[in-house]
file upload17.pdb (PDB, C-alpha atoms)
ATOM      1  CA  MET P   1    -112.690 -92.715 156.834  1.00  0.00           C
ATOM      2  CA  SER P   2    -109.781 -93.642 154.609  1.00  0.00           C
ATOM      3  CA  LYS P   3    -106.439 -91.912 154.881  1.00  0.00           C
ATOM      4  CA  SER P   4    -106.839 -90.160 151.495  1.00  0.00           C
ATOM      5  CA  THR P   5    -110.254 -88.759 152.440  1.00  0.00           C
ATOM      6  CA  SER P   6    -109.069 -87.431 155.801  1.00  0.00           C
ATOM      7  CA  THR P   7    -106.212 -85.495 154.185  1.00  0.00           C
ATOM      8  CA  LEU P   8    -108.513 -84.002 151.538  1.00  0.00           C
ATOM      9  CA  ILE P   9    -110.817 -82.328 154.026  1.00  0.00           C
ATOM     10  CA  PRO P  10    -108.127 -80.196 155.718  1.00  0.00           C
ATOM     11  CA  ALA P  11    -106.547 -79.372 152.343  1.00  0.00           C
ATOM     12  CA  ALA P  12    -109.925 -78.214 151.008  1.00  0.00           C
ATOM     13  CA  ALA P  13    -110.471 -76.111 154.131  1.00  0.00           C
ATOM     14  CA  VAL P  14    -107.070 -74.451 153.752  1.00  0.00           C
ATOM     15  CA  CYS P  15    -107.675 -73.735 150.051  1.00  0.00           C
ATOM     16  CA  THR P  16    -111.087 -72.231 150.836  1.00  0.00           C
ATOM     17  CA  TRP P  17    -109.583 -70.066 153.583  1.00  0.00           C
ATOM     18  CA  LEU P  18    -106.830 -68.853 151.235  1.00  0.00           C
ATOM     19  CA  LEU P  19    -109.394 -67.884 148.606  1.00  0.00           C
ATOM     20  CA  LEU P  20    -111.684 -66.047 151.025  1.00  0.00           C
ATOM     21  CA  ALA P  21    -109.186 -64.467 153.400  1.00  0.00           C
ATOM     22  CA  PRO P  22    -108.651 -60.753 152.855  1.00  0.00           C
ATOM     23  CA  SER P  23    -105.144 -59.696 151.988  1.00  0.00           C
ATOM     24  CA  PRO P  24    -103.464 -56.299 151.967  1.00  0.00           C
ATOM     25  CA  GLY P  25    -103.987 -54.623 148.633  1.00  0.00           C
ATOM     26  CA  SER P  26    -106.747 -56.986 147.617  1.00  0.00           C
ATOM     27  CA  GLY P  27    -109.265 -55.627 145.186  1.00  0.00           C
ATOM     28  CA  LEU P  28    -111.532 -56.600 142.375  1.00  0.00           C
ATOM     29  CA  THR P  29    -110.424 -59.562 140.261  1.00  0.00           C
ATOM     30  CA  TYR P  30    -111.319 -59.659 136.578  1.00  0.00           C
ATOM     31  CA  VAL P  31    -110.740 -61.716 133.460  1.00  0.00           C
ATOM     32  CA  MET P  32    -109.741 -59.470 130.556  1.00  0.00           C
ATOM     33  CA  VAL P  33    -112.048 -59.397 127.554  1.00  0.00           C
ATOM     34  CA  SER P  34    -111.092 -58.289 124.066  1.00  0.00           C
ATOM     35  CA  ASP P  35    -112.102 -54.932 122.634  1.00  0.00           C
ATOM     36  CA  LYS P  36    -114.127 -56.895 120.066  1.00  0.00           C
ATOM     37  CA  THR P  37    -116.091 -58.592 122.850  1.00  0.00           C
ATOM     38  CA  LEU P  38    -116.688 -55.214 124.533  1.00  0.00           C
ATOM     39  CA  ALA P  39    -117.936 -53.777 121.246  1.00  0.00           C
ATOM     40  CA  ASP P  40    -120.100 -56.797 120.381  1.00  0.00           C
ATOM     41  CA  GLN P  41    -121.832 -56.693 123.764  1.00  0.00           C
ATOM     42  CA  ALA P  42    -122.248 -52.907 124.007  1.00  0.00           C
ATOM     43  CA  ASP P  43    -125.588 -51.291 123.221  1.00  0.00           C
ATOM     44  CA  VAL P  44    -123.777 -48.010 122.628  1.00  0.00           C
ATOM     45  CA  ILE P  45    -120.177 -46.872 122.364  1.00  0.00           C
ATOM     46  CA  VAL P  46    -119.741 -43.169 123.052  1.00  0.00           C
ATOM     47  CA  GLU P  47    -117.231 -40.455 123.758  1.00  0.00           C
ATOM     48  CA  VAL P  48    -118.559 -38.368 126.635  1.00  0.00           C
ATOM     49  CA  GLN P  49    -117.741 -35.528 128.969  1.00  0.00           C
ATOM     50  CA  ILE P  50    -118.725 -35.896 132.621  1.00  0.00           C
ATOM     51  CA  LEU P  51    -121.050 -33.064 133.637  1.00  0.00           C
ATOM     52  CA  LYS P  52    -122.303 -33.962 137.106  1.00  0.00           C
ATOM     53  CA  ILE P  53    -121.847 -36.647 139.773  1.00  0.00           C
ATOM     54  CA  ASP P  54    -124.673 -37.559 142.155  1.00  0.00           C
ATOM     55  CA  PRO P  55    -125.530 -40.318 144.578  1.00  0.00           C
ATOM     56  CA  SER P  56    -128.489 -42.106 143.049  1.00  0.00           C
ATOM     57  CA  PRO P  57    -131.648 -41.377 145.049  1.00  0.00           C
ATOM     58  CA  GLY P  58    -134.201 -44.007 145.984  1.00  0.00           C
ATOM     59  CA  ILE P  59    -132.305 -47.059 144.721  1.00  0.00           C
ATOM     60  CA  GLY P  60    -131.843 -48.644 148.145  1.00  0.00           C
ATOM     61  CA  ARG P  61    -128.172 -49.449 147.644  1.00  0.00           C
ATOM     62  CA  PRO P  62    -125.182 -47.150 147.231  1.00  0.00           C
ATOM     63  CA  VAL P  63    -124.734 -46.248 143.573  1.00  0.00           C
ATOM     64  CA  THR P  64    -123.332 -43.210 141.814  1.00  0.00           C
ATOM     65  CA  ASP P  65    -125.004 -41.570 138.832  1.00  0.00           C
ATOM     66  CA  TYR P  66    -122.795 -39.779 136.341  1.00  0.00           C
ATOM     67  CA  GLN P  67    -124.514 -37.291 134.038  1.00  0.00           C
ATOM     68  CA  MET P  68    -122.578 -37.304 130.772  1.00  0.00           C
ATOM     69  CA  ALA P  69    -122.779 -35.128 127.671  1.00  0.00           C
ATOM     70  CA  VAL P  70    -122.419 -37.224 124.544  1.00  0.00           C
ATOM     71  CA  GLU P  71    -119.689 -35.782 122.306  1.00  0.00           C
ATOM     72  CA  HIS P  72    -119.597 -38.530 119.707  1.00  0.00           C
ATOM     73  CA  VAL P  73    -121.621 -41.708 119.131  1.00  0.00           C
ATOM     74  CA  ILE P  74    -119.381 -44.430 117.730  1.00  0.00           C
ATOM     75  CA  ARG P  75    -121.943 -47.224 117.729  1.00  0.00           C
ATOM     76  CA  GLY P  76    -125.603 -47.553 118.603  1.00  0.00           C
ATOM     77  CA  GLU P  77    -128.185 -44.872 119.170  1.00  0.00           C
ATOM     78  CA  VAL P  78    -128.396 -42.323 121.966  1.00  0.00           C
ATOM     79  CA  LEU P  79    -131.820 -40.728 122.212  1.00  0.00           C
ATOM     80  CA  ALA P  80    -130.891 -38.014 124.694  1.00  0.00           C
ATOM     81  CA  SER P  81    -127.899 -36.176 126.004  1.00  0.00           C
ATOM     82  CA  PRO P  82    -126.943 -35.953 128.758  1.00  0.00           C
ATOM     83  CA  LEU P  83    -127.214 -39.633 129.551  1.00  0.00           C
ATOM     84  CA  THR P  84    -126.917 -41.225 132.975  1.00  0.00           C
ATOM     85  CA  VAL P  85    -124.310 -43.884 133.680  1.00  0.00           C
ATOM     86  CA  ARG P  86    -124.933 -45.732 136.948  1.00  0.00           C
ATOM     87  CA  VAL P  87    -122.007 -47.333 138.809  1.00  0.00           C
ATOM     88  CA  LEU P  88    -122.261 -49.529 141.899  1.00  0.00           C
ATOM     89  CA  GLY P  89    -120.667 -47.866 144.929  1.00  0.00           C
ATOM     90  CA  GLY P  90    -120.810 -44.448 146.499  1.00  0.00           C
ATOM     91  CA  ILE P  91    -123.020 -42.988 149.208  1.00  0.00           C
ATOM     92  CA  GLY P  92    -126.475 -44.501 149.593  1.00  0.00           C
ATOM     93  CA  PRO P  93    -129.664 -42.607 150.469  1.00  0.00           C
ATOM     94  CA  ASP P  94    -129.169 -43.631 154.116  1.00  0.00           C
ATOM     95  CA  GLY P  95    -125.701 -42.019 154.186  1.00  0.00           C
ATOM     96  CA  ILE P  96    -123.858 -45.340 154.271  1.00  0.00           C
ATOM     97  CA  GLY P  97    -121.053 -45.645 151.750  1.00  0.00           C
ATOM     98  CA  LEU P  98    -119.849 -48.557 149.678  1.00  0.00           C
ATOM     99  CA  HIS P  99    -116.443 -48.636 147.987  1.00  0.00           C
ATOM    100  CA  ILE P 100    -115.995 -51.223 145.258  1.00  0.00           C
ATOM    101  CA  TYR P 101    -112.324 -51.674 144.427  1.00  0.00           C
ATOM    102  CA  GLY P 102    -111.870 -51.298 140.686  1.00  0.00           C
ATOM    103  CA  ALA P 103    -115.235 -49.626 140.074  1.00  0.00           C
ATOM    104  CA  PRO P 104    -114.993 -46.972 137.381  1.00  0.00           C
ATOM    105  CA  SER P 105    -114.992 -43.423 138.674  1.00  0.00           C
ATOM    106  CA  PHE P 106    -114.905 -40.100 136.919  1.00  0.00           C
ATOM    107  CA  VAL P 107    -114.512 -36.421 137.742  1.00  0.00           C
ATOM    108  CA  GLU P 108    -116.490 -33.508 136.380  1.00  0.00           C
ATOM    109  CA  GLY P 109    -115.068 -32.188 133.126  1.00  0.00           C
ATOM    110  CA  GLN P 110    -113.244 -35.407 132.335  1.00  0.00           C
ATOM    111  CA  ARG P 111    -113.708 -37.082 128.959  1.00  0.00           C
ATOM    112  CA  ALA P 112    -114.173 -40.817 128.493  1.00  0.00           C
ATOM    113  CA  LEU P 113    -114.753 -43.507 125.903  1.00  0.00           C
ATOM    114  CA  LEU P 114    -117.441 -45.867 127.196  1.00  0.00           C
ATOM    115  CA  PHE P 115    -118.808 -49.219 126.076  1.00  0.00           C
ATOM    116  CA  LEU P 116    -122.284 -49.132 127.648  1.00  0.00           C
ATOM    117  CA  ARG P 117    -125.191 -51.490 128.249  1.00  0.00           C
ATOM    118  CA  ALA P 118    -128.716 -50.096 128.554  1.00  0.00           C
ATOM    119  CA  ARG P 119    -130.535 -50.712 131.847  1.00  0.00           C
ATOM    120  CA  PRO P 120    -134.308 -51.188 132.077  1.00  0.00           C
ATOM    121  CA  ASP P 121    -134.692 -47.897 134.016  1.00  0.00           C
ATOM    122  CA  GLY P 122    -133.261 -45.836 131.135  1.00  0.00           C
ATOM    123  CA  THR P 123    -129.782 -45.441 132.623  1.00  0.00           C
ATOM    124  CA  PHE P 124    -126.651 -47.153 131.351  1.00  0.00           C
ATOM    125  CA  GLN P 125    -123.968 -49.293 132.947  1.00  0.00           C
ATOM    126  CA  VAL P 126    -120.361 -49.718 131.888  1.00  0.00           C
ATOM    127  CA  GLY P 127    -119.800 -52.963 129.990  1.00  0.00           C
ATOM    128  CA  HIS P 128    -117.966 -55.640 131.988  1.00  0.00           C
ATOM    129  CA  PHE P 129    -118.177 -53.419 135.077  1.00  0.00           C
ATOM    130  CA  MET P 130    -114.966 -51.440 134.579  1.00  0.00           C
ATOM    131  CA  LEU P 131    -113.358 -52.916 131.484  1.00  0.00           C
ATOM    132  CA  GLY P 132    -115.615 -50.853 129.209  1.00  0.00           C
ATOM    133  CA  ALA P 133    -114.473 -47.527 130.684  1.00  0.00           C
ATOM    134  CA  PHE P 134    -111.541 -45.676 129.128  1.00  0.00           C
ATOM    135  CA  HIS P 135    -110.377 -42.268 130.355  1.00  0.00           C
ATOM    136  CA  LEU P 136    -109.435 -39.965 127.473  1.00  0.00           C
ATOM    137  CA  VAL P 137    -106.246 -38.014 128.112  1.00  0.00           C
ATOM    138  CA  GLU P 138    -104.184 -35.756 125.880  1.00  0.00           C
ATOM    139  CA  HIS P 139    -100.484 -36.532 125.604  1.00  0.00           C
ATOM    140  CA  GLN P 140     -98.174 -34.722 123.196  1.00  0.00           C
ATOM    141  CA  GLY P 141    -101.018 -33.852 120.834  1.00  0.00           C
ATOM    142  CA  THR P 142    -102.490 -37.357 120.824  1.00  0.00           C
ATOM    143  CA  THR P 143    -105.629 -38.552 122.593  1.00  0.00           C
ATOM    144  CA  LEU P 144    -105.025 -41.735 124.575  1.00  0.00           C
ATOM    145  CA  ALA P 145    -107.764 -44.034 125.907  1.00  0.00           C
ATOM    146  CA  LEU P 146    -106.606 -45.496 129.232  1.00  0.00           C
ATOM    147  CA  ARG P 147    -108.262 -47.921 131.630  1.00  0.00           C
ATOM    148  CA  GLN P 148    -107.939 -47.344 135.369  1.00  0.00           C
ATOM    149  CA  LEU P 149    -107.166 -50.811 136.741  1.00  0.00           C
ATOM    150  CA  SER P 150    -104.993 -49.896 139.733  1.00  0.00           C
ATOM    151  CA  GLU P 151    -107.494 -51.331 142.243  1.00  0.00           C
ATOM    152  CA  ALA P 152    -108.079 -54.512 140.257  1.00  0.00           C
ATOM    153  CA  ASN P 153    -106.147 -57.700 139.613  1.00  0.00           C
ATOM    154  CA  GLU P 154    -106.280 -59.644 136.385  1.00  0.00           C
ATOM    155  CA  LEU P 155    -106.948 -63.353 136.583  1.00  0.00           C
ATOM    156  CA  ALA P 156    -105.151 -64.817 133.574  1.00  0.00           C
ATOM    157  CA  LEU P 157    -106.730 -68.025 132.362  1.00  0.00           C
ATOM    158  CA  PRO P 158    -104.287 -70.497 130.811  1.00  0.00           C
ATOM    159  CA  ASP P 159    -106.542 -71.365 127.853  1.00  0.00           C
ATOM    160  CA  ARG P 160    -107.113 -67.724 126.799  1.00  0.00           C
ATOM    161  CA  ALA P 161    -104.717 -65.576 124.847  1.00  0.00           C
TER
END
call {"tool": "encode", "arguments": {"input": "upload17.pdb", "output": "structure tokens"}}
result
Amino acid sequence: MSKSTSTLIPAAAVCTWLLLAPSPGSGLTYVMVSDKTLADQADVIVEVQILKIDPSPGIGRPVTDYQMAVEHVIRGEVLASPLTVRVLGGIGPDGIGLHIYGAPSFVEGQRALLFLRARPDGTFQVGHFMLGAFHLVEHQGTTLALRQLSEANELALPDRA
């Protein structure tokens, strides 16, 4: 083995360990997408109010179903209201929980602006996992659409604005 090869193996092992090792405060890592990309890839864009939160029965993995009343359809077609938005994480049918850092979460009564993708089972998922979820809050007579990214870290790519 040449000298250059022998030094590459330990360096690669250290880099792999650094990438995989848990760190305090670690969470979901994402690459930001533009609002245009969210809109182009969404089947529907809606303003909703969260009515009910349930663990999804019979799925086999922990997911949370949010029942949402559609207040306003901005793009696409919604055939029924309330609609169900399914998010990975929560309490599974076996009672075992799964917490996904950065996963969108909502509370009953809250309003949201969502960029959604249709799922084959008739439910919806938030576009780009959590980037397509905006919480609607009132501030000084203005409605603001805010993302909750406190448990997520942006990976900025040098070739993207």
call {"tool": "residues_around", "arguments": {"input": "upload17.pdb", "residues": "P:Asp159", "least_positions_apart": "3", "cutoff": "12 Å", "atoms": "all atoms listed in the file", "output": "ChimeraX atom specification"}}
result
/P:31,155-156
call {"tool": "resolve_selection", "arguments": {"input": "upload17.pdb", "expression": "the PyMOL selection byres ((chain P and resi 44-48) around 6)", "output": "PyMOL selection string"}}
result
chain P and resi 42-43+49+68-76+111-116
call {"tool": "resolve_selection", "arguments": {"input": "upload17.pdb", "expression": "the PyMOL selection byres ((chain P and resi 129-131) around 7)", "output": "PyMOL selection string"}}
result
chain P and resi 102-104+126-128+132-133
call {"tool": "closest_residue", "arguments": {"input": "upload17.pdb", "among": "P:Val63, P:Met32, P:Leu136, P:Ala152", "to": "P:Val85", "atoms": "all atoms listed in the file"}}
result
P:Val63
call {"tool": "atom_distance", "arguments": {"input": "upload17.pdb", "atom1": "atom CA of P:Leu79", "atom2": "atom CA of P:Pro55"}}
result
23.2 Å
call {"tool": "residues_near_point", "arguments": {"input": "upload17.pdb", "point": "(-121.8, -46.6, 140.9)", "cutoff": "6 Å", "atoms": "all atoms listed in the file", "output": "compact mmCIF listing (two decimals) with C-alpha atoms, keeping the file's coordinate frame"}}
result
# COMPACT_ATOMS: atom_id res chain seq x y z
CA VAL P 63 -124.73 -46.25 143.57
CA THR P 64 -123.33 -43.21 141.81
CA ARG P 86 -124.93 -45.73 136.95
CA VAL P 87 -122.01 -47.33 138.81
CA LEU P 88 -122.26 -49.53 141.90
CA GLY P 89 -120.67 -47.87 144.93
call {"tool": "resolve_selection", "arguments": {"input": "upload17.pdb", "expression": "the PyMOL selection byres ((chain P and resi 94) around 9)", "output": "list in words"}}
result
Gly60, Arg61, Pro62, Ile91, Gly92, Pro93, Gly95, Ile96 and Gly97 of chain P
call {"tool": "atom_distance", "arguments": {"input": "upload17.pdb", "atom1": "atom CA of P:Glu77", "atom2": "atom CA of P:Thr142"}}
result
26.8 Å
call {"tool": "closest_residue", "arguments": {"input": "upload17.pdb", "among": "P:Thr29, P:Asp40, P:Gln110, P:Arg117", "to": "P:Glu138", "atoms": "only C-alpha atoms"}}
result
P:Gln110
call {"tool": "decode", "arguments": {"input": "upload17.pdb", "residues": "stretch 44-55 of chain P", "atoms": "all heavy atoms", "output": "short mmCIF file (atom, residue, chain, number, x, y, z; two decimals), in the first residue's frame"}}
result
data_model
loop_
_atom_site.label_atom_id
_atom_site.label_comp_id
_atom_site.auth_asym_id
_atom_site.auth_seq_id
_atom_site.Cartn_x
_atom_site.Cartn_y
_atom_site.Cartn_z
N VAL P 44 -52.10 20.51 -4.52
CA VAL P 44 -53.02 21.53 -4.04
C VAL P 44 -52.29 22.47 -3.09
O VAL P 44 -51.35 22.06 -2.40
CB VAL P 44 -54.27 20.94 -3.32
CG1 VAL P 44 -55.13 20.15 -4.26
CG2 VAL P 44 -53.89 20.14 -2.12
N ILE P 45 -52.73 23.71 -3.09
CA ILE P 45 -52.26 24.70 -2.12
C ILE P 45 -53.51 25.22 -1.43
O ILE P 45 -54.44 25.69 -2.09
CB ILE P 45 -51.50 25.86 -2.80
CG1 ILE P 45 -50.32 25.31 -3.61
CG2 ILE P 45 -51.01 26.86 -1.75
CD1 ILE P 45 -49.66 26.35 -4.50
N VAL P 46 -53.55 25.10 -0.11
CA VAL P 46 -54.77 25.41 0.63
C VAL P 46 -54.47 26.15 1.93
O VAL P 46 -53.40 25.99 2.52
CB VAL P 46 -55.56 24.13 0.98
CG1 VAL P 46 -56.20 23.51 -0.25
CG2 VAL P 46 -54.69 23.11 1.70
N GLU P 47 -55.43 26.96 2.34
CA GLU P 47 -55.46 27.50 3.69
C GLU P 47 -56.43 26.61 4.46
O GLU P 47 -57.53 26.33 3.98
CB GLU P 47 -55.95 28.94 3.71
CG GLU P 47 -54.95 29.92 3.16
CD GLU P 47 -55.46 31.35 3.25
OE1 GLU P 47 -56.28 31.68 4.15
OE2 GLU P 47 -55.03 32.15 2.40
N VAL P 48 -55.99 26.14 5.63
CA VAL P 48 -56.79 25.19 6.39
C VAL P 48 -56.86 25.59 7.86
O VAL P 48 -56.07 26.41 8.32
CB VAL P 48 -56.19 23.76 6.29
CG1 VAL P 48 -56.20 23.25 4.86
CG2 VAL P 48 -54.78 23.72 6.87
N GLN P 49 -57.80 24.95 8.55
CA GLN P 49 -57.85 25.01 10.00
C GLN P 49 -57.81 23.59 10.51
O GLN P 49 -58.55 22.72 10.02
CB GLN P 49 -59.10 25.72 10.51
CG GLN P 49 -59.10 25.83 12.03
CD GLN P 49 -60.28 26.63 12.56
OE1 GLN P 49 -61.32 26.69 11.94
NE2 GLN P 49 -60.08 27.24 13.71
N ILE P 50 -56.94 23.33 11.49
CA ILE P 50 -56.77 21.98 12.02
C ILE P 50 -57.96 21.69 12.96
O ILE P 50 -58.25 22.43 13.89
CB ILE P 50 -55.43 21.84 12.77
CG1 ILE P 50 -54.25 21.88 11.78
CG2 ILE P 50 -55.37 20.50 13.50
CD1 ILE P 50 -53.96 23.14 11.13
N LEU P 51 -58.65 20.58 12.64
CA LEU P 51 -59.83 20.18 13.40
C LEU P 51 -59.53 19.11 14.44
O LEU P 51 -60.04 19.14 15.55
CB LEU P 51 -60.90 19.64 12.45
CG LEU P 51 -61.43 20.58 11.38
CD1 LEU P 51 -62.38 19.85 10.45
CD2 LEU P 51 -62.11 21.78 12.04
N LYS P 52 -58.71 18.12 14.04
CA LYS P 52 -58.52 16.94 14.88
C LYS P 52 -57.16 16.32 14.58
O LYS P 52 -56.71 16.34 13.44
CB LYS P 52 -59.64 15.93 14.58
CG LYS P 52 -59.69 14.75 15.49
CD LYS P 52 -60.90 13.88 15.16
CE LYS P 52 -60.90 12.66 16.05
NZ LYS P 52 -61.94 11.72 15.66
N ILE P 53 -56.54 15.76 15.61
CA ILE P 53 -55.23 15.12 15.48
C ILE P 53 -55.35 13.69 15.99
O ILE P 53 -55.81 13.47 17.12
CB ILE P 53 -54.16 15.88 16.29
CG1 ILE P 53 -54.12 17.34 15.85
CG2 ILE P 53 -52.80 15.21 16.15
CD1 ILE P 53 -53.39 18.27 16.79
N ASP P 54 -54.96 12.72 15.16
CA ASP P 54 -55.06 11.31 15.53
C ASP P 54 -53.83 10.55 15.09
O ASP P 54 -53.28 10.81 14.02
CB ASP P 54 -56.26 10.65 14.82
CG ASP P 54 -57.58 11.09 15.38
OD1 ASP P 54 -57.73 11.08 16.62
OD2 ASP P 54 -58.47 11.44 14.59
N PRO P 55 -53.42 9.55 15.91
CA PRO P 55 -52.44 8.61 15.37
C PRO P 55 -53.11 7.83 14.25
O PRO P 55 -54.31 7.54 14.33
CB PRO P 55 -52.10 7.71 16.56
CG PRO P 55 -53.14 7.96 17.58
CD PRO P 55 -53.83 9.24 17.25
#
